[in-house]
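Novice: File query.txt follows (compact mmCIF, C-alpha atoms and all ligand atoms):
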# COMPACT_ATOMS: atom_id res chain seq x y z
CA MET A 1435 -0.14 6.08 19.36
CA SER A 1436 1.24 7.10 15.98
CA LEU A 1437 3.22 4.52 14.04
CA LEU A 1438 3.85 6.71 11.00
CA THR A 1439 4.37 10.45 11.28
CA VAL A 1440 4.79 12.36 8.04
CA GLU A 1441 5.57 16.05 8.30
CA HIS A 1442 5.57 18.67 5.54
CA ILE A 1443 6.64 16.44 2.67
CA SER A 1444 6.91 17.94 -0.79
CA LYS A 1445 7.94 16.53 -4.15
CA SER A 1446 8.14 18.29 -7.50
CA PHE A 1447 8.74 16.81 -10.91
CA GLY A 1448 10.04 19.64 -13.06
CA GLY A 1449 7.37 22.29 -12.72
CA ILE A 1450 4.73 19.96 -11.28
CA LYS A 1451 4.24 19.99 -7.53
CA ALA A 1452 3.02 16.44 -7.12
CA VAL A 1453 3.05 16.66 -3.29
CA SER A 1454 3.05 19.97 -1.52
CA ASP A 1455 3.67 20.39 2.22
CA PHE A 1456 1.58 17.35 3.11
CA SER A 1457 1.50 16.06 6.69
CA PHE A 1458 -0.37 13.10 8.12
CA GLN A 1459 -0.25 10.40 10.76
CA VAL A 1460 -1.16 6.74 10.93
CA GLY A 1461 -1.86 5.26 14.35
CA LYS A 1462 -0.68 1.78 15.24
CA GLY A 1463 -3.21 -0.85 14.20
CA GLN A 1464 -5.37 1.58 12.24
CA ILE A 1465 -6.65 1.62 8.69
CA VAL A 1466 -6.03 5.11 7.35
CA SER A 1467 -7.09 6.07 3.83
CA ILE A 1468 -5.88 8.71 1.42
CA ILE A 1469 -8.48 9.67 -1.14
CA GLY A 1470 -8.59 12.37 -3.79
CA PRO A 1471 -9.09 12.93 -7.49
CA ASN A 1472 -6.70 11.47 -10.09
CA GLY A 1473 -3.43 13.36 -10.11
CA ALA A 1474 -3.87 14.55 -6.51
CA GLY A 1475 -0.50 13.07 -5.51
CA LYS A 1476 -1.56 9.90 -3.70
CA THR A 1477 0.73 7.44 -5.46
CA THR A 1478 3.60 9.88 -5.16
CA VAL A 1479 3.10 9.81 -1.38
CA PHE A 1480 3.52 6.02 -1.51
CA ASN A 1481 6.61 6.42 -3.69
CA LEU A 1482 8.06 8.79 -1.08
CA LEU A 1483 7.19 6.41 1.78
CA THR A 1484 8.87 3.48 0.02
CA GLY A 1485 12.03 5.29 -1.01
CA ILE A 1486 11.34 5.24 -4.74
CA TYR A 1487 11.62 9.03 -4.57
CA ARG A 1488 13.21 11.18 -1.95
CA PRO A 1489 11.08 14.11 -0.73
CA ASP A 1490 12.36 17.62 -1.51
CA THR A 1491 11.38 18.64 2.01
CA GLY A 1492 9.93 17.07 5.12
CA SER A 1493 10.33 14.04 7.31
CA ILE A 1494 8.84 10.56 7.44
CA ARG A 1495 9.17 8.75 10.76
CA LEU A 1496 8.16 5.20 11.57
CA ASP A 1497 8.16 4.38 15.27
CA GLY A 1498 10.21 7.54 15.72
CA GLU A 1499 12.87 6.54 13.21
CA GLU A 1500 13.58 8.77 10.21
CA LEU A 1501 13.00 6.98 6.92
CA VAL A 1502 13.97 9.74 4.49
CA GLY A 1503 17.12 8.74 2.64
CA LEU A 1504 16.67 5.00 3.06
CA LYS A 1505 16.64 2.77 0.00
CA PRO A 1506 13.56 0.68 -0.86
CA TYR A 1507 15.12 -2.55 0.47
CA GLN A 1508 16.06 -0.80 3.71
CA LEU A 1509 12.49 0.39 4.07
CA ILE A 1510 11.23 -3.18 3.79
CA GLU A 1511 13.69 -4.10 6.53
CA ASN A 1512 12.30 -1.25 8.59
CA GLY A 1513 8.82 -2.62 8.20
CA VAL A 1514 7.22 -0.80 5.26
CA ALA A 1515 5.84 -2.83 2.35
CA ARG A 1516 3.48 -2.00 -0.45
CA THR A 1517 1.38 -3.14 -3.35
CA PHE A 1518 1.14 -1.29 -6.64
CA GLN A 1519 -1.72 0.44 -8.42
CA ASN A 1520 -1.20 -1.95 -11.32
CA LEU A 1521 -0.77 -5.55 -10.33
CA ARG A 1522 2.88 -6.58 -10.31
CA LEU A 1523 3.06 -10.33 -10.09
CA PHE A 1524 5.17 -12.79 -12.05
CA SER A 1525 2.34 -14.46 -13.91
CA GLU A 1526 4.43 -17.47 -14.91
CA LEU A 1527 5.48 -18.17 -11.32
CA THR A 1528 3.37 -19.98 -8.75
CA VAL A 1529 1.58 -18.39 -5.81
CA LEU A 1530 4.25 -19.76 -3.47
CA GLU A 1531 7.10 -18.41 -5.59
CA ASN A 1532 5.51 -14.97 -5.90
CA VAL A 1533 4.99 -14.68 -2.15
CA MET A 1534 8.53 -15.94 -1.42
CA ILE A 1535 9.93 -13.10 -3.51
CA GLY A 1536 8.66 -10.66 -0.88
CA TYR A 1537 10.76 -12.41 1.71
CA GLN A 1538 13.86 -12.74 -0.42
CA SER A 1539 14.32 -9.00 -0.48
CA ARG A 1540 15.00 -9.12 3.26
CA ILE A 1541 17.90 -11.54 2.95
CA HIS A 1542 21.34 -10.30 2.10
CA TYR A 1543 23.50 -12.46 -0.07
CA SER A 1544 26.92 -11.57 -1.23
CA LEU A 1545 27.62 -12.11 -4.89
CA TRP A 1546 29.43 -15.30 -3.99
CA ASP A 1547 26.45 -16.50 -2.02
CA SER A 1548 24.28 -16.13 -5.07
CA LEU A 1549 26.77 -17.76 -7.39
CA LEU A 1550 27.50 -20.70 -5.14
CA VAL A 1551 24.53 -22.19 -3.38
CA THR A 1552 25.75 -21.77 0.14
CA LYS A 1553 24.37 -23.07 3.35
CA LYS A 1554 23.24 -19.59 4.30
CA LYS A 1555 21.24 -19.26 1.11
CA ARG A 1556 19.59 -22.66 1.49
CA GLN A 1557 18.61 -21.77 5.04
CA GLY A 1558 17.26 -18.43 3.89
CA GLU A 1559 15.16 -20.11 1.26
CA ALA A 1560 13.77 -22.65 3.68
CA GLN A 1561 12.82 -19.82 6.03
CA ALA A 1562 11.22 -17.88 3.19
CA GLU A 1563 9.23 -20.90 2.10
CA ASP A 1564 7.98 -21.63 5.63
CA ARG A 1565 6.93 -18.06 6.13
CA ALA A 1566 5.30 -17.84 2.67
CA ARG A 1567 3.33 -21.05 3.31
CA GLU A 1568 2.14 -19.66 6.63
CA ILE A 1569 0.90 -16.43 5.05
CA ILE A 1570 -0.75 -18.20 2.12
CA GLU A 1571 -2.57 -20.47 4.53
CA ARG A 1572 -3.64 -17.50 6.60
CA ILE A 1573 -5.17 -15.74 3.60
CA GLY A 1574 -6.96 -18.93 2.55
CA LEU A 1575 -5.11 -19.64 -0.68
CA SER A 1576 -3.36 -22.90 0.24
CA HIS A 1577 -5.39 -24.75 -2.40
CA GLN A 1578 -3.79 -22.51 -5.07
CA ILE A 1579 -0.25 -22.58 -3.70
CA ASP A 1580 1.34 -24.39 -6.66
CA ASN A 1581 -0.83 -22.81 -9.31
CA ASP A 1582 0.69 -20.22 -11.66
CA CYS A 1583 -0.62 -16.77 -10.86
CA LYS A 1584 -1.83 -16.26 -14.42
CA ASN A 1585 -4.47 -18.96 -13.82
CA LEU A 1586 -6.01 -17.20 -10.82
CA PRO A 1587 -9.00 -14.84 -10.92
CA TYR A 1588 -7.95 -11.20 -10.64
CA GLY A 1589 -9.26 -10.81 -7.07
CA MET A 1590 -7.07 -13.70 -5.92
CA GLN A 1591 -4.05 -12.28 -7.72
CA LYS A 1592 -4.52 -9.06 -5.79
CA LYS A 1593 -4.49 -11.04 -2.55
CA VAL A 1594 -1.29 -12.77 -3.61
CA GLU A 1595 0.29 -9.37 -4.12
CA ILE A 1596 -0.77 -8.32 -0.62
CA ALA A 1597 0.55 -11.62 0.77
CA ARG A 1598 3.90 -10.79 -0.81
CA ALA A 1599 3.90 -7.51 1.09
CA MET A 1600 2.96 -9.32 4.34
CA VAL A 1601 5.59 -12.01 4.16
CA SER A 1602 8.40 -9.82 5.38
CA GLU A 1603 8.01 -8.64 8.94
CA VAL A 1604 6.15 -5.51 8.07
CA LYS A 1605 4.45 -3.09 10.41
CA LEU A 1606 2.91 -0.85 7.80
CA VAL A 1607 1.25 -2.16 4.63
CA LEU A 1608 0.60 0.34 1.85
CA LEU A 1609 -2.18 -0.64 -0.53
CA ASP A 1610 -2.52 1.38 -3.75
CA GLU A 1611 -6.07 0.95 -5.07
CA PRO A 1612 -6.53 -2.70 -4.07
CA ALA A 1613 -10.13 -2.74 -5.32
CA ALA A 1614 -9.38 -1.28 -8.76
CA GLY A 1615 -10.60 -3.67 -11.43
CA LEU A 1616 -12.44 -5.92 -8.99
CA ASN A 1617 -16.10 -6.84 -9.45
CA PRO A 1618 -18.56 -6.10 -6.60
CA SER A 1619 -18.22 -9.47 -4.88
CA GLU A 1620 -14.42 -9.40 -5.14
CA THR A 1621 -14.50 -5.85 -3.75
CA ALA A 1622 -16.56 -7.00 -0.77
CA GLU A 1623 -14.02 -9.78 -0.18
CA MET A 1624 -11.15 -7.32 -0.44
CA SER A 1625 -12.87 -5.11 2.12
CA ASP A 1626 -13.11 -8.04 4.57
CA PHE A 1627 -9.54 -8.98 3.78
CA ILE A 1628 -8.19 -5.53 4.63
CA GLN A 1629 -10.10 -5.60 7.90
CA ARG A 1630 -8.53 -8.95 8.66
CA LEU A 1631 -5.09 -7.43 8.05
CA LYS A 1632 -5.93 -5.05 10.86
CA GLU A 1633 -7.07 -7.89 13.12
CA TRP A 1634 -3.76 -9.64 12.45
CA GLY A 1635 -1.96 -6.58 13.80
CA TYR A 1636 -0.94 -4.83 10.61
CA THR A 1637 -1.31 -1.10 10.20
CA VAL A 1638 -2.75 -0.21 6.81
CA LEU A 1639 -2.42 2.92 4.71
CA LEU A 1640 -4.89 2.69 1.86
CA ILE A 1641 -5.35 4.58 -1.40
CA GLU A 1642 -8.72 3.73 -2.87
CA HIS A 1643 -11.35 5.16 -5.18
CA ASP A 1644 -14.19 2.89 -4.04
CA MET A 1645 -15.85 5.22 -1.55
CA ASN A 1646 -18.14 2.60 -0.06
CA LEU A 1647 -15.10 0.54 0.84
CA VAL A 1648 -13.19 3.54 2.17
CA MET A 1649 -16.10 4.78 4.27
CA LYS A 1650 -16.76 1.34 5.68
CA ILE A 1651 -13.30 0.31 6.83
CA SER A 1652 -11.29 3.49 7.50
CA ASP A 1653 -10.49 4.71 10.99
CA TYR A 1654 -9.44 8.04 9.53
CA ILE A 1655 -9.41 9.61 6.07
CA TYR A 1656 -7.17 12.24 4.48
CA VAL A 1657 -8.37 13.94 1.34
CA MET A 1658 -5.70 15.18 -1.05
CA ASN A 1659 -6.18 17.71 -3.79
CA TYR A 1660 -3.39 19.28 -5.86
CA GLY A 1661 -0.73 17.60 -3.75
CA ALA A 1662 -1.97 19.01 -0.45
CA GLU A 1663 -4.41 18.10 2.29
CA LEU A 1664 -7.91 19.29 1.57
CA ALA A 1665 -9.44 17.69 4.64
CA GLY A 1666 -8.88 15.06 7.26
CA GLY A 1667 -11.44 13.37 9.48
CA LEU A 1668 -13.56 10.41 10.40
CA PRO A 1669 -15.56 8.81 7.56
CA ALA A 1670 -18.77 10.55 8.65
CA GLU A 1671 -17.00 13.92 8.75
CA ILE A 1672 -15.43 13.46 5.33
CA ARG A 1673 -18.68 12.33 3.76
CA SER A 1674 -20.45 15.50 4.83
CA ASN A 1675 -17.56 17.93 4.27
CA PRO A 1676 -18.71 20.52 1.68
CA GLN A 1677 -15.13 21.17 0.48
CA VAL A 1678 -14.64 17.49 -0.20
CA ILE A 1679 -17.91 17.23 -2.06
CA GLU A 1680 -16.95 20.31 -4.07
CA ALA A 1681 -13.55 18.84 -5.01
CA TYR A 1682 -15.27 15.77 -6.38
CA ILE A 1683 -17.97 17.53 -8.40
CA GLY A 1684 -17.72 16.43 -11.99
CA LYS A 1685 -15.37 13.61 -11.11
CA GLY A 1686 -17.53 10.75 -12.32
CA GLY A 1687 -20.32 11.03 -9.82
CA VAL A 1688 -18.15 10.34 -6.80
CA GLN A 1689 -20.12 13.02 -5.02
CA ARG A 1690 -23.19 10.84 -5.14
CA VAL A 1691 -21.25 7.90 -3.75
CA LEU A 1692 -19.79 10.06 -0.99
CA LYS A 1693 -23.26 11.06 0.09
CA SER A 1694 -24.81 7.64 -0.16
CA GLY A 1695 -21.87 5.67 1.34
N1 LIG B 1 7.75 10.34 -12.08
C1 LIG B 1 6.99 11.41 -12.38
N2 LIG B 1 7.42 12.33 -13.28
C2 LIG B 1 6.67 13.40 -13.58
N3 LIG B 1 5.46 13.66 -13.05
C3 LIG B 1 4.97 12.78 -12.17
C4 LIG B 1 5.70 11.60 -11.78
N4 LIG B 1 4.96 10.91 -10.87
C5 LIG B 1 3.83 11.62 -10.70
N5 LIG B 1 3.83 12.74 -11.46
C6 LIG B 1 2.79 13.77 -11.52
O1 LIG B 1 2.47 14.11 -10.19
C7 LIG B 1 1.07 14.33 -10.06
C8 LIG B 1 0.50 13.38 -9.01
O2 LIG B 1 0.50 12.07 -9.53
P1 LIG B 1 0.11 10.79 -8.67
O3 LIG B 1 0.85 10.82 -7.40
O4 LIG B 1 0.28 9.60 -9.54
O5 LIG B 1 -1.44 11.07 -8.40
P2 LIG B 1 -2.61 10.09 -7.92
O6 LIG B 1 -2.00 8.80 -7.49
O7 LIG B 1 -3.29 10.83 -6.83
O8 LIG B 1 -3.51 9.92 -9.11
C9 LIG B 1 0.48 14.14 -11.43
O9 LIG B 1 0.37 15.41 -12.05
C10 LIG B 1 1.49 13.27 -12.11
O10 LIG B 1 1.45 13.44 -13.51
MG MG B 2 -2.34 6.80 -8.15
Rewrite the structure of this file - the entire thing - as structure tokens.
Ligand SMILES: Nc1ncnc2c1ncn2[C@@H]1O[C@H](COP(=O)(O)OP(=O)(O)O)[C@@H](O)[C@H]1O
Ligand SMILES: [Mg+2]

Specialist:
Amino acid sequence: MSLLTVEHISKSFGGIKAVSDFSFQVGKGQIVSIIGPNGAGKTTVFNLLTGIYRPDTGSIRLDGEELVGLKPYQLIENGVARTFQNLRLFSELTVLENVMIGYQSRIHYSLWDSLLVTKKKRQGEAQAEDRAREIIERIGLSHQIDNDCKNLPYGMQKKVEIARAMVSEVKLVLLDEPAAGLNPSETAEMSDFIQRLKEWGYTVLLIEHDMNLVMKISDYIYVMNYGAELAGGLPAEIRSNPQVIEAYIGKGGVQRVLKSG
């Protein structure tokens, strides 16, 4: 059953067609990956899914509900959360505080609520803290809970960012290059971690350049090139697709990785 159904989305920036008539689906409980060369439009797809940009055309439905036109905070309420290609944590805040921020965005305070510490706000914070502690425990970072994020190894910081996306009641987690900048052992851990997200019931849409990781954990892969779908298929199909291999020729030896993966 499809959780996310994206049909014919397009987005131009001036003369650049960043995304062009792209359609795809993500089934409930699956890990689906979007791969493609730099500039293919992958991050723009995430920006469209999270309401940072509005598509020029097309529809984005989650559990049958249209998401186009919703604001980023409304999308979080509807169950879509993301991480960014470049880590966005508050390095001076603790692990707990960073994860709690993901929950805060779900709670509505009036201006007065935020000026005066009201009962509602205190309750909200207690709830956020409970939920954040639960998630941090689940991802195995309880021993770092009061540590400032800047003191953590990069691989752990990436997990904290994912925890922040998990803390709200999300259905769909969007991960933009979670293995970028990780060393091989951290990458292997990240791969296990994403598979655990699936076991915990999350649906994952992944953008990633590490082909070994993508081939290992994806249920389905879409290949983008020049804003459009070049191919879609199971990992084994994508790996042996001549068009895909062609699109990657000269792109830093990814072809070799595709074949060996
Ligand atoms: N805000 C923007 N303004 C102008 N051009 C953009 C913007 N965002 C993305 N683009 C352009 O859209 C294309 C796709 O970019 P992006 O989605 O970041 O690709 P990818 O994530 O696959 O590397 C690129 O040509 C990029 O320069
Ligand atoms: Mg990108």

Novice: Tell me, counting all atoms listed in the file, for each residue of chain A within 12 Å of ligand MG 2 (chain B), which pair of atoms is nearest and how far apart they are in Å to one decimal, in rows ordered by chain and increasing number, as CSV.

Specialist:
residue,atom,partner,partner_atom,distance
A:Ala1452,CA,B:MG2,MG,11.1
A:Ile1468,CA,B:MG2,MG,10.4
A:Ile1469,CA,B:MG2,MG,9.8
A:Gly1470,CA,B:MG2,MG,9.4
A:Pro1471,CA,B:MG2,MG,9.1
A:Asn1472,CA,B:MG2,MG,6.7
A:Gly1473,CA,B:MG2,MG,6.9
A:Ala1474,CA,B:MG2,MG,8.1
A:Gly1475,CA,B:MG2,MG,7.0
A:Lys1476,CA,B:MG2,MG,5.5
A:Thr1477,CA,B:MG2,MG,4.1
A:Thr1478,CA,B:MG2,MG,7.3
A:Val1479,CA,B:MG2,MG,9.2
A:Phe1480,CA,B:MG2,MG,8.9
A:Asn1481,CA,B:MG2,MG,10.0
A:Thr1517,CA,B:MG2,MG,11.6
A:Phe1518,CA,B:MG2,MG,8.9
A:Gln1519,CA,B:MG2,MG,6.4
A:Asn1520,CA,B:MG2,MG,9.4
A:Leu1609,CA,B:MG2,MG,10.7
A:Asp1610,CA,B:MG2,MG,7.0
A:Glu1611,CA,B:MG2,MG,7.6
A:Pro1612,CA,B:MG2,MG,11.2
A:Ala1614,CA,B:MG2,MG,10.7
A:Leu1640,CA,B:MG2,MG,11.1
A:Ile1641,CA,B:MG2,MG,7.7
A:Glu1642,CA,B:MG2,MG,8.8
A:His1643,CA,B:MG2,MG,9.6
A:Met1658,CA,B:MG2,MG,11.5
A:Gly1661,CA,B:MG2,MG,11.8

Novice: Any idea what the distance is between atom CA of A:Ser1436 and atom CA of A:Ile1596?

Specialist: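 Spanning atom CA of A:Ser1436 to atom CA of A:Ile1596 is a straight-line distance of 22.7 Å.
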
Novice: Choose the residue, out of A:Ile1486, A:Leu1664, A:Leu1527, A:Ala1613, that has the smallest atom-to-atom separation from A:Asn1581; count all atoms listed in the file.

Specialist: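 Ranking A:Ile1486, A:Leu1664, A:Leu1527, A:Ala1613 by distance to A:Asn1581, first place goes to A:Leu1527.
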
Novice: Taking all atoms listed in the file into account, name the residue in A:Gln1464, A:Asn1617, A:Gln1629, A:Thr1528 that is nearest to A:Asp1580.

Specialist: A:Thr1528

Novice: Using all atoms listed in the file for the distances, tell me which of A:Val1604, A:Ala1599, A:Val1657, A:Leu1616 is nearest to A:Thr1637.

Specialist: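 Checking each of A:Val1604, A:Ala1599, A:Val1657, A:Leu1616 against A:Thr1637, counting all atoms listed in the file, the winner is A:Val1604.
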
Novice: With distances taken over all atoms listed in the file, which residue among A:Leu1501, A:Ile1443, A:Ile1450, A:Met1624 lies nearest ligand LIG 1 (chain B)?

Specialist: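 Smallest separation from ligand LIG 1 (chain B) among the options: A:Ile1450.
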
Novice: Show which residues sit within 10 Å of A:Glu1603, as a ChimeraX atom specification. Count all atoms listed in the file, and ignore same-chain residues fewer than 5 positions away.

Specialist: /A:1510-1515,1537,1540,1565,1636

Novice: Go through A:Ser1467, A:Val1440, A:Asn1585, A:Lys1505 and flag the residue nearest A:Met1645, using all atoms listed in the file for the distances.

Specialist: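 Of all the options, A:Ser1467 lies closest to A:Met1645.
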
Novice: Just checking: using all atoms listed in the file, which residue out of A:Ala1566, A:Ala1662, A:Val1601, A:Cys1583 ends up closest to ligand LIG 1 (chain B)?

Specialist: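 The shortest atom-to-atom distance to ligand LIG 1 (chain B) comes from A:Ala1662.
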